[in-house]
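Asks: Below: one structure in C-alpha cells.
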Amino acid sequence: MLHIEELRVRVGGKEILKNVNMEIPEGETHILFGPNGSGKTSLMMTLMGFSGYEVTHGKIIFKGEDITYMPIHERALLGIGVSFQRPPTINGLKTRALVEICNKDQSADVEELAEQLNFSDFLDRDVNHNFSGGEIKRSELLQLLAQQPDLVLLDEPESGVDLESIVLVGDTINSLLHKGTKYPRGDISHKADQTKSALVITHTGHILNYITADRGQVLYDGVLCCSRNAREILKWIREYGYEECVRCSN
Amino acid sequence: MFELENARDVNFEDYETHAESHEYVSELSRVDSADAEQLLNVGVDTEAKGRAGTFIQKDQSVIHCKTCQDGIEMMGISQAAQEYGWLKDYMWKNVSPDTDKFTSRARENPHEGYFIRSLPGVKSAHPVQSCLYIAKDGFSQHVHNIVIAEEDSDLHIITGCATAPHLVSGMHIGVSEFYVKKGARLTFTMIHDWGENVNVRPRTVTRVEEGGMIISNYISLKPVGSLQMFPTTNLVGKDAIARFNSVLVAGKGSCLDVGSRVVLSAPGTRAEIISRGITSGGTIIARGDLIGKVPGVKAHLECKGLILNDGLMRAIPELSGHVPGVEMSHEAAVGKIDQREIEYLMARGLDEDEAVSTIVRGFLNVDIEGLPANLKEKLDKAVSETQKDMM
C-alpha cells in the first residue's frame, strides 16, 4: 500500500527526516513511536504533501504510484486520509459542510456517522471553533469516516481525549479500518477482516489498548531505528526509554 | 485604488438635484421588469411574498407604498409630516443638519424618504421592505427616513438600495433617524447594490430606550464608487441592546469606509459589533467605536478582514471607557487566508481554488439574525458569485 524509500526531508532549511525507509502492506496498522521533535509529525505531513516539507531525496509510492510531488488534494483523492492533532479553525464553515465535502461520493449518511461519534450537536458549529481536544479528535474521525481513505494517517489520536472518549475513538478507528462497518465495541479480534492500512503516531501507547497493531517502529532524530511488535517496543520504551531503544537497534 | 481622502470628498457640482417624476405604481407586479430585477438583488421582492409592506422610491418619487398588517405604518416622509404634526419632534432630532455637508445638503434639497412605524405592542409578522432606487444618471438623491418602533413593538425592515443597470454615475445621501422605544425591537437589514461610480453617504443615528433592542445588518457585496458611513446608536435606556453585523466586499475601484459607533450610557446596556470585510483590489476601512459611559455595561467589537490579491484593509477598533466597571473588548485581524486552512481542506480532497472559495464563503457567512429564509438563500448565492468574481 505505502512504500517509502530513502526519504530525506528538510523543514525550514533543517534536515528533519534522514533516510527513512518504510513499508506498510495493505490491511496493516503500523504504530510510529518517537520522542518529541523526532520527526513523526513531519513524516505524516510529508506523506500528505504539505508545504514547508521539502523532499530532498527519495520517494513515496502509494498504491504503486509515485506521489512524492503530487498535490495534497490528489493524494486525498487517491485514498490517503489524515487526522490532524491541531487542525486550524475555519470561521464560517460549518462542520456539517466539511463532512459533506469529505463525503464526495455521498455514500455515507452524515447524520448517522455523527450520531455514532456523539457529535451531532457539533455539526452546525464552525470547523474546530473552540473544540476541546476530544472534540477535535471526533471531528477529525468523522471527516475520515465520510472520506473512507485506504490509508489512514493518525497523529496522536489519544492526546487530549478523556478516558471515556478514548474507547469511542478506538472503536471509531477500528470501524474506519474495516471499510466503515461498525466494529463491535471493545472487540479487536477481527483483525483478518481489515482491508485498510494505517500509520498511527502515538506518544503514550494508550491507543494500543483499543486497536490492533501489526508492527511498531521508532523514529529517533529523523531516523527509523527499530521495527518489531508494537507492544514489545512500547514495553521497552517504558522500561528503558528511547535512548536504550536506539542503542539496542544499533 | 482610491485614495481615502479623495474618496471622502465629493464634488456636488458633478450631480443634479432634480429628476423628473415617476408614475405611481399601484400594483407591485407592474414595476418595470428591469427595475424589478435590480430590486430583487437587494432583497426587495416585487411579489411581496412574506412581506408586511413595501415602500419604493425611484429618484425623488415614491412610486409604491402599501402595508398589509394593521399597526404597521409606511408612507413617504412628506405625507407623514402632513398627517402627523408630532413628527417634527423626531425630525432632525437624532441627526443635526449641521453634522456635515451631506446632512446640510439633505436638509436643503430633500427628496422624500420613508416613514415606518410599528404601533405600541404590534409585532410585525413579516418584515416590511423598502427600496431607494436611482434611475436618473448623474442624480444626487437625498432622502430623509424616520423609523419608530413604539413601545413593546417588534419591527423588521429590509432596505435595498440600488441603481438602474444603465446608470453611469450618481450620488445618494440618506439621513435616517431611528427611534426604538421602551421594550421594542427593531431589526434593520440593509443591502446595497449601488453602481461602480456611485458615491453613497448614509447618515444614521438610533436612539434606544429601556429594554429596547436594535439589530442592524449591513451587506455590500457589489461594486460601489465610494461609501462612507458611521451610524451611531445611543443606548439611553437601562438594559438596551445593540447588535451590528456587516459584510463588506470591495473589488477593484471600490472604496468602503464603514463603521458603527455605539454609546452605552445606561446601566445594563450591551453592544456587539461584528464586521467582515474582503478586499480584492479595493479599499475597506472598517471602523468600530464603543463608548462606555456608566458602570455595568458590556460591549464587544470584532473586526476581521481578508486581503485577496491586493487592496487595502484597515481595521480601526476603538474602545472608550469613561468610568470604572465597564466591560469592553475588541478583536481585529487583517491578513491573507491562512495557508494551513487551505491545505487542511485540500487534505479532504478539494483543489486549491475550491479550498480558497470555501474559506471565503465561510468568512462572509456571518449568521445574520432574523433574515427570512428566501433572502438568506439569495445572499448565500450572491456570496458564492462574489467570491467567484474575486478569484
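Residues are named by chain letter and number: chains run A, B, ... in the order of the C-alpha cells, numbers start at 1 in each chain, and ligands are numbered from 1 in the order shown.
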Could the residues of chain B that have an atom at most 8 Å from chain A be listed as a Markdown table, each with its closest atom pair and the distance in Å to one decimal, counting only C-alpha atoms and ordered by chain and ascending residue number?
Replies:
| residue | atom | partner | partner_atom | distance |
| --- | --- | --- | --- | --- |
| B:Arg340 | CA | A:Pro88 | CA | 6.7 |
| B:Glu341 | CA | A:Pro88 | CA | 6.0 |
| B:Glu343 | CA | A:Phe50 | CA | 6.8 |
| B:Tyr344 | CA | A:Pro87 | CA | 7.3 |
| B:Met346 | CA | A:His73 | CA | 4.6 |
| B:Ala347 | CA | A:His73 | CA | 5.4 |
| B:Arg348 | CA | A:Cys102 | CA | 5.5 |
| B:Gly349 | CA | A:His73 | CA | 4.5 |
| B:Leu350 | CA | A:His73 | CA | 5.6 |
| B:Asp351 | CA | A:His73 | CA | 5.6 |
| B:Glu352 | CA | A:His73 | CA | 7.9 |
| B:Thr358 | CA | A:Leu93 | CA | 7.5 |
| B:Ile359 | CA | A:Ile90 | CA | 7.0 |
| B:Arg361 | CA | A:Gly92 | CA | 7.6 |
| B:Gly362 | CA | A:Gly92 | CA | 3.9 |
| B:Phe363 | CA | A:Gly92 | CA | 5.2 |
| B:Leu364 | CA | A:Gly92 | CA | 7.1 |
| B:Asn365 | CA | A:Gly92 | CA | 5.4 |
| B:Val366 | CA | A:Gly92 | CA | 6.7 |
Asks: Within 7 Å of range 30-40 of chain B, counting only C-alpha atoms, which residues qualify if same-chain residues fewer than 5 places away don't, as a ChimeraX atom specification?
Replies: /B:25,45-46,160,162,164
Asks: Using the chain letters and numbers from this document, which residues of range 108-348 of chain B does DSSP assign to strand (DSSP E), as number ranges by chain?
Replies: B: 114-118, 128-134, 139-149, 154-163, 170-180, 185-193, 198-208, 213-220, 226-229, 232-235, 241-251, 255-264, 270-280, 283-292, 298-307, 312-321, 327-335
Asks: Any chance you could export the current selection's C-alpha atoms as a short mmCIF file (atom, residue, chain, number, x, y, z; two decimals), in the first residue's frame?
Replies:
data_model
loop_
_atom_site.label_atom_id
_atom_site.label_comp_id
_atom_site.auth_asym_id
_atom_site.auth_seq_id
_atom_site.Cartn_x
_atom_site.Cartn_y
_atom_site.Cartn_z
CA TYR B 114 -39.68 56.73 4.14
CA PHE B 115 -41.59 56.84 7.39
CA ILE B 116 -42.06 53.43 9.01
CA ARG B 117 -43.70 52.92 12.36
CA SER B 118 -44.91 49.98 14.39
CA VAL B 128 -41.53 45.29 5.64
CA GLN B 129 -39.36 46.14 2.66
CA SER B 130 -38.21 49.43 1.29
CA CYS B 131 -36.14 50.38 -1.69
CA LEU B 132 -34.35 53.58 -2.53
CA TYR B 133 -33.55 53.49 -6.21
CA ILE B 134 -31.65 55.82 -8.52
CA PHE B 139 -28.74 62.32 -9.98
CA SER B 140 -27.97 63.17 -6.38
CA GLN B 141 -30.70 61.58 -4.27
CA HIS B 142 -31.25 62.96 -0.76
CA VAL B 143 -33.68 61.07 1.41
CA HIS B 144 -34.73 61.52 5.00
CA ASN B 145 -36.03 58.41 6.73
CA ILE B 146 -37.74 58.11 10.09
CA VAL B 147 -38.35 54.76 11.75
CA ILE B 148 -40.23 54.49 15.03
CA ALA B 149 -40.71 51.21 16.87
CA ASP B 154 -41.34 44.38 17.02
CA LEU B 155 -40.44 45.79 13.63
CA HIS B 156 -38.29 44.23 10.92
CA ILE B 157 -37.23 46.27 7.92
CA ILE B 158 -35.35 45.10 4.86
CA THR B 159 -33.97 48.00 2.88
CA GLY B 160 -32.44 47.52 -0.51
CA CYS B 161 -30.61 50.32 -2.26
CA ALA B 162 -29.83 50.02 -5.93
CA THR B 163 -29.39 51.82 -9.20
CA GLY B 170 -24.93 59.05 -9.10
CA MET B 171 -24.93 60.06 -5.50
CA HIS B 172 -27.04 59.01 -2.55
CA ILE B 173 -27.34 60.81 0.76
CA GLY B 174 -29.60 59.11 3.28
CA VAL B 175 -30.36 60.70 6.63
CA SER B 176 -32.01 58.15 8.88
CA GLU B 177 -33.32 58.67 12.37
CA PHE B 178 -34.42 55.55 14.22
CA TYR B 179 -36.31 55.52 17.50
CA VAL B 180 -36.63 52.28 19.43
CA ARG B 185 -37.17 45.60 18.97
CA LEU B 186 -36.05 46.84 15.57
CA THR B 187 -34.29 44.58 13.08
CA PHE B 188 -32.89 46.57 10.22
CA THR B 189 -31.25 44.79 7.30
CA MET B 190 -29.73 46.94 4.59
CA ILE B 191 -28.40 45.54 1.34
CA HIS B 192 -26.55 47.80 -1.06
CA ASP B 193 -26.02 47.32 -4.76
CA VAL B 198 -21.99 55.96 -7.26
CA ASN B 199 -20.96 57.79 -4.12
CA VAL B 200 -23.01 56.89 -1.07
CA ARG B 201 -23.23 58.77 2.24
CA PRO B 202 -25.77 57.38 4.69
CA ARG B 203 -26.07 59.28 7.98
CA THR B 204 -27.89 57.29 10.63
CA VAL B 205 -28.45 57.80 14.33
CA THR B 206 -30.55 55.50 16.50
CA ARG B 207 -31.92 56.06 19.98
CA VAL B 208 -32.82 53.01 22.03
CA MET B 213 -33.05 46.35 21.04
CA ILE B 214 -31.69 47.21 17.62
CA ILE B 215 -30.22 44.57 15.34
CA SER B 216 -28.62 46.10 12.30
CA ASN B 217 -27.30 44.05 9.40
CA TYR B 218 -25.44 45.67 6.56
CA ILE B 219 -24.40 43.87 3.40
CA SER B 220 -22.47 45.33 0.49
CA SER B 226 -17.32 55.14 -2.61
CA LEU B 227 -19.31 54.55 0.53
CA GLN B 228 -18.77 56.31 3.79
CA MET B 229 -20.98 55.76 6.81
CA THR B 232 -24.29 55.96 15.75
CA THR B 233 -26.53 54.24 18.25
CA ASN B 234 -27.29 55.77 21.61
CA LEU B 235 -28.37 53.24 24.19
CA ILE B 241 -29.09 46.30 23.38
CA ALA B 242 -27.43 46.99 20.02
CA ARG B 243 -26.09 44.38 17.63
CA PHE B 244 -24.40 45.28 14.39
CA ASN B 245 -23.25 42.89 11.67
CA SER B 246 -21.65 43.99 8.46
CA VAL B 247 -20.40 42.05 5.47
CA LEU B 248 -18.33 44.10 3.03
CA VAL B 249 -16.67 43.24 -0.25
CA ALA B 250 -14.53 45.76 -2.11
CA GLY B 251 -13.47 44.88 -5.62
CA CYS B 255 -13.77 52.28 -1.51
CA LEU B 256 -15.75 51.44 1.60
CA ASP B 257 -15.33 53.38 4.81
CA VAL B 258 -17.85 51.72 7.06
CA GLY B 259 -18.20 51.59 10.78
CA SER B 260 -20.57 51.64 13.70
CA ARG B 261 -20.49 53.58 16.93
CA VAL B 262 -22.47 52.61 20.00
CA VAL B 263 -22.70 54.85 23.05
CA LEU B 264 -23.66 52.89 26.14
CA ARG B 270 -24.93 45.80 25.85
CA ALA B 271 -23.49 46.11 22.38
CA GLU B 272 -21.84 43.87 19.85
CA ILE B 273 -20.32 44.92 16.54
CA ILE B 274 -19.17 42.26 14.09
CA SER B 275 -17.58 43.19 10.81
CA ARG B 276 -16.26 41.01 7.99
CA GLY B 277 -14.53 42.55 5.02
CA ILE B 278 -12.83 41.21 1.92
CA THR B 279 -10.87 43.36 -0.43
CA SER B 280 -9.74 42.28 -3.82
CA THR B 283 -10.18 49.67 -0.10
CA ILE B 284 -12.03 48.89 3.09
CA ILE B 285 -11.79 50.90 6.26
CA ALA B 286 -13.71 49.03 8.92
CA ARG B 287 -14.33 51.15 11.97
CA GLY B 288 -15.90 50.31 15.26
CA ASP B 289 -16.30 52.58 18.22
CA LEU B 290 -17.71 51.57 21.59
CA ILE B 291 -18.16 54.18 24.26
CA GLY B 292 -19.00 53.08 27.79
CA LYS B 298 -20.80 45.18 28.27
CA ALA B 299 -19.63 45.56 24.71
CA HIS B 300 -17.59 43.63 22.20
CA LEU B 301 -16.21 44.53 18.82
CA GLU B 302 -14.94 42.04 16.26
CA CYS B 303 -13.44 43.10 13.01
CA LYS B 304 -11.91 40.66 10.57
CA GLY B 305 -10.55 41.42 7.14
CA LEU B 306 -9.15 39.35 4.32
CA ILE B 307 -6.98 40.66 1.54
CA LEU B 312 -6.14 47.91 1.40
CA MET B 313 -7.90 46.65 4.51
CA ARG B 314 -7.70 48.88 7.52
CA ALA B 315 -9.39 47.95 10.78
CA ILE B 316 -9.86 50.74 13.29
CA PRO B 317 -11.39 49.47 16.50
CA GLU B 318 -11.86 51.97 19.32
CA LEU B 319 -12.95 51.47 22.89
CA SER B 320 -13.55 54.33 25.31
CA GLY B 321 -14.39 53.67 28.91
CA GLU B 327 -16.50 45.66 30.30
CA MET B 328 -15.45 46.24 26.74
CA SER B 329 -13.27 44.22 24.40
CA HIS B 330 -12.28 44.02 20.78
CA GLU B 331 -10.52 41.71 18.40
CA ALA B 332 -9.30 42.69 15.00
CA ALA B 333 -7.43 40.67 12.43
CA VAL B 334 -6.36 41.56 8.93
CA GLY B 335 -4.47 39.37 6.55
#
Asks: Could you list, as a list in words, every residue within 6 Å of Leu2 in chain A, counting only C-alpha atoms and ignoring same-chain residues fewer than 5 positions away?
Replies: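 In the requested format, the answer is Glu23, Ile24, Ile61 and Phe62 of chain A.
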Asks: Report as a PDB file with N, CA, C and O atoms, in the first residue's frame all protein, DNA and RNA residues lying within 8 Å of Phe33 in chain A, evaluated on only C-alpha atoms, omitting residues in the same chain fewer than 2 positions from it.
Replies:
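File written: out-v5.pdb
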ATOM      1  N   ILE A  31       2.443   1.331  14.025  1.00  0.00           N
ATOM      2  CA  ILE A  31       2.499   2.358  15.069  1.00  0.00           C
ATOM      3  C   ILE A  31       3.866   3.023  14.995  1.00  0.00           C
ATOM      4  O   ILE A  31       4.883   2.340  14.888  1.00  0.00           O
ATOM      5  N   PRO A  35      10.237  10.236  20.439  1.00  0.00           N
ATOM      6  CA  PRO A  35      10.139  11.363  21.369  1.00  0.00           C
ATOM      7  C   PRO A  35       9.744  12.647  20.643  1.00  0.00           C
ATOM      8  O   PRO A  35       9.745  12.695  19.407  1.00  0.00           O
ATOM      9  N   LYS A  40       8.132  12.672  13.715  1.00  0.00           N
ATOM     10  CA  LYS A  40       6.936  11.861  13.439  1.00  0.00           C
ATOM     11  C   LYS A  40       5.886  12.657  12.645  1.00  0.00           C
ATOM     12  O   LYS A  40       5.399  12.214  11.608  1.00  0.00           O
ATOM     13  N   ILE A 201       0.598   7.630  14.898  1.00  0.00           N
ATOM     14  CA  ILE A 201       1.624   8.207  15.768  1.00  0.00           C
ATOM     15  C   ILE A 201       1.097   8.170  17.195  1.00  0.00           C
ATOM     16  O   ILE A 201      -0.042   8.560  17.455  1.00  0.00           O
ATOM     17  N   THR A 202       1.889   7.680  18.085  1.00  0.00           N
ATOM     18  CA  THR A 202       1.457   7.718  19.485  1.00  0.00           C
ATOM     19  C   THR A 202       2.628   8.021  20.395  1.00  0.00           C
ATOM     20  O   THR A 202       3.765   7.615  20.140  1.00  0.00           O
ATOM     21  N   HIS A 203       2.315   8.721  21.442  1.00  0.00           N
ATOM     22  CA  HIS A 203       3.293   9.127  22.428  1.00  0.00           C
ATOM     23  C   HIS A 203       3.228   8.187  23.616  1.00  0.00           C
ATOM     24  O   HIS A 203       4.223   7.694  24.101  1.00  0.00           O
ATOM     25  N   GLY A 216       5.363  -2.081  15.041  1.00  0.00           N
ATOM     26  CA  GLY A 216       5.724  -0.806  15.631  1.00  0.00           C
ATOM     27  C   GLY A 216       7.070  -0.357  15.089  1.00  0.00           C
ATOM     28  O   GLY A 216       7.909  -1.191  14.704  1.00  0.00           O
ATOM     29  N   GLN A 217       7.263   0.934  15.008  1.00  0.00           N
ATOM     30  CA  GLN A 217       8.545   1.455  14.549  1.00  0.00           C
ATOM     31  C   GLN A 217       8.902   2.645  15.423  1.00  0.00           C
ATOM     32  O   GLN A 217       8.021   3.340  15.933  1.00  0.00           O
ATOM     33  N   VAL A 218      10.180   2.874  15.554  1.00  0.00           N
ATOM     34  CA  VAL A 218      10.630   4.008  16.367  1.00  0.00           C
ATOM     35  C   VAL A 218      11.372   4.996  15.472  1.00  0.00           C
ATOM     36  O   VAL A 218      12.291   4.613  14.748  1.00  0.00           O
ATOM     37  N   LEU A 219      10.937   6.230  15.542  1.00  0.00           N
ATOM     38  CA  LEU A 219      11.634   7.286  14.800  1.00  0.00           C
ATOM     39  C   LEU A 219      12.402   8.118  15.823  1.00  0.00           C
ATOM     40  O   LEU A 219      11.806   8.645  16.774  1.00  0.00           O
TER      41      LEU A 219
END
Asks: Given only C-alpha atoms as the basis, pick out the residue of B:Lys58, B:Lys101, B:Lys222, B:Lys66 nearest to Gly113 in chain B.
Replies: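 Result for the nearest residue to Gly113 in chain B: B:Lys58.
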Asks: Please report, as an MDAnalysis selection string, each residue of range 147-180 of chain A to which DSSP assigns helix (DSSP H, G or I) when run on this structure's backbone.
Replies: chainID A and resid 147 163:177
Asks: Limited to N, CA, C and O atoms, could you put the picked residues into a file as a short mmCIF file (atom, residue, chain, number, x, y, z; two decimals), in the first residue's frame?
Replies:
data_model
loop_
_atom_site.label_atom_id
_atom_site.label_comp_id
_atom_site.auth_asym_id
_atom_site.auth_seq_id
_atom_site.Cartn_x
_atom_site.Cartn_y
_atom_site.Cartn_z
N GLN A 147 -14.85 10.25 4.45
CA GLN A 147 -13.89 10.22 3.33
C GLN A 147 -13.53 8.79 2.92
O GLN A 147 -13.25 8.52 1.76
N LEU A 163 -10.66 9.50 29.37
CA LEU A 163 -10.66 8.03 29.39
C LEU A 163 -11.92 7.43 28.79
O LEU A 163 -11.89 6.37 28.16
N GLU A 164 -13.03 8.12 28.99
CA GLU A 164 -14.29 7.61 28.47
C GLU A 164 -14.32 7.70 26.94
O GLU A 164 -14.74 6.78 26.25
N SER A 165 -13.84 8.83 26.44
CA SER A 165 -13.91 9.06 24.99
C SER A 165 -12.90 8.24 24.22
O SER A 165 -13.07 7.98 23.03
N ILE A 166 -11.83 7.81 24.90
CA ILE A 166 -10.79 7.08 24.17
C ILE A 166 -11.33 5.74 23.65
O ILE A 166 -10.92 5.25 22.60
N VAL A 167 -12.30 5.18 24.38
CA VAL A 167 -12.93 3.94 23.91
C VAL A 167 -13.64 4.22 22.58
O VAL A 167 -13.52 3.46 21.61
N LEU A 168 -14.37 5.34 22.56
CA LEU A 168 -15.09 5.72 21.35
C LEU A 168 -14.12 5.98 20.20
O LEU A 168 -14.35 5.56 19.06
N VAL A 169 -13.02 6.66 20.51
CA VAL A 169 -12.00 6.94 19.48
C VAL A 169 -11.45 5.62 18.95
O VAL A 169 -11.32 5.42 17.73
N GLY A 170 -11.13 4.70 19.85
CA GLY A 170 -10.60 3.40 19.44
C GLY A 170 -11.59 2.64 18.58
O GLY A 170 -11.23 2.09 17.51
N ASP A 171 -12.85 2.61 19.00
CA ASP A 171 -13.90 1.93 18.22
C ASP A 171 -14.01 2.53 16.82
O ASP A 171 -14.17 1.82 15.83
N THR A 172 -13.93 3.85 16.80
CA THR A 172 -14.10 4.53 15.50
C THR A 172 -12.94 4.23 14.57
O THR A 172 -13.12 4.03 13.37
N ILE A 173 -11.75 4.18 15.13
CA ILE A 173 -10.58 3.84 14.29
C ILE A 173 -10.75 2.43 13.73
O ILE A 173 -10.52 2.19 12.54
N ASN A 174 -11.20 1.51 14.59
CA ASN A 174 -11.44 0.15 14.10
C ASN A 174 -12.48 0.13 12.99
O ASN A 174 -12.32 -0.55 11.97
N SER A 175 -13.53 0.89 13.21
CA SER A 175 -14.59 0.97 12.21
C SER A 175 -14.03 1.51 10.89
O SER A 175 -14.33 1.03 9.80
N LEU A 176 -13.17 2.50 11.03
CA LEU A 176 -12.56 3.14 9.86
C LEU A 176 -11.68 2.16 9.08
O LEU A 176 -11.63 2.20 7.84
N LEU A 177 -11.01 1.28 9.80
CA LEU A 177 -10.09 0.35 9.15
C LEU A 177 -10.79 -0.87 8.57
O LEU A 177 -10.17 -1.71 7.94
#
Asks: Would you mind telling me which residue in A:Leu145, A:Ile4, A:Leu199, A:Leu151 lies nearest to Glu111 in chain A when using only C-alpha atoms?
Replies: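 Using only C-alpha atoms, the shortest distance to Glu111 in chain A belongs to A:Leu145.
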Asks: I'd like the interatomic distance between CA of Leu379 in chain B and CA of Val44 in chain B, to a tenth of an Å.
Replies: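 Taking CA of Leu379 in chain B as the start and CA of Val44 in chain B as the end point, the length is 12.2 Å.
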Asks: Record the distance separating CA of Glu65 in chain A and CA of Glu5 in chain A, expressed in Å with one decimal.
Replies: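 So the two atoms, CA of Glu65 in chain A and CA of Glu5 in chain A, lie 12.9 Å apart.
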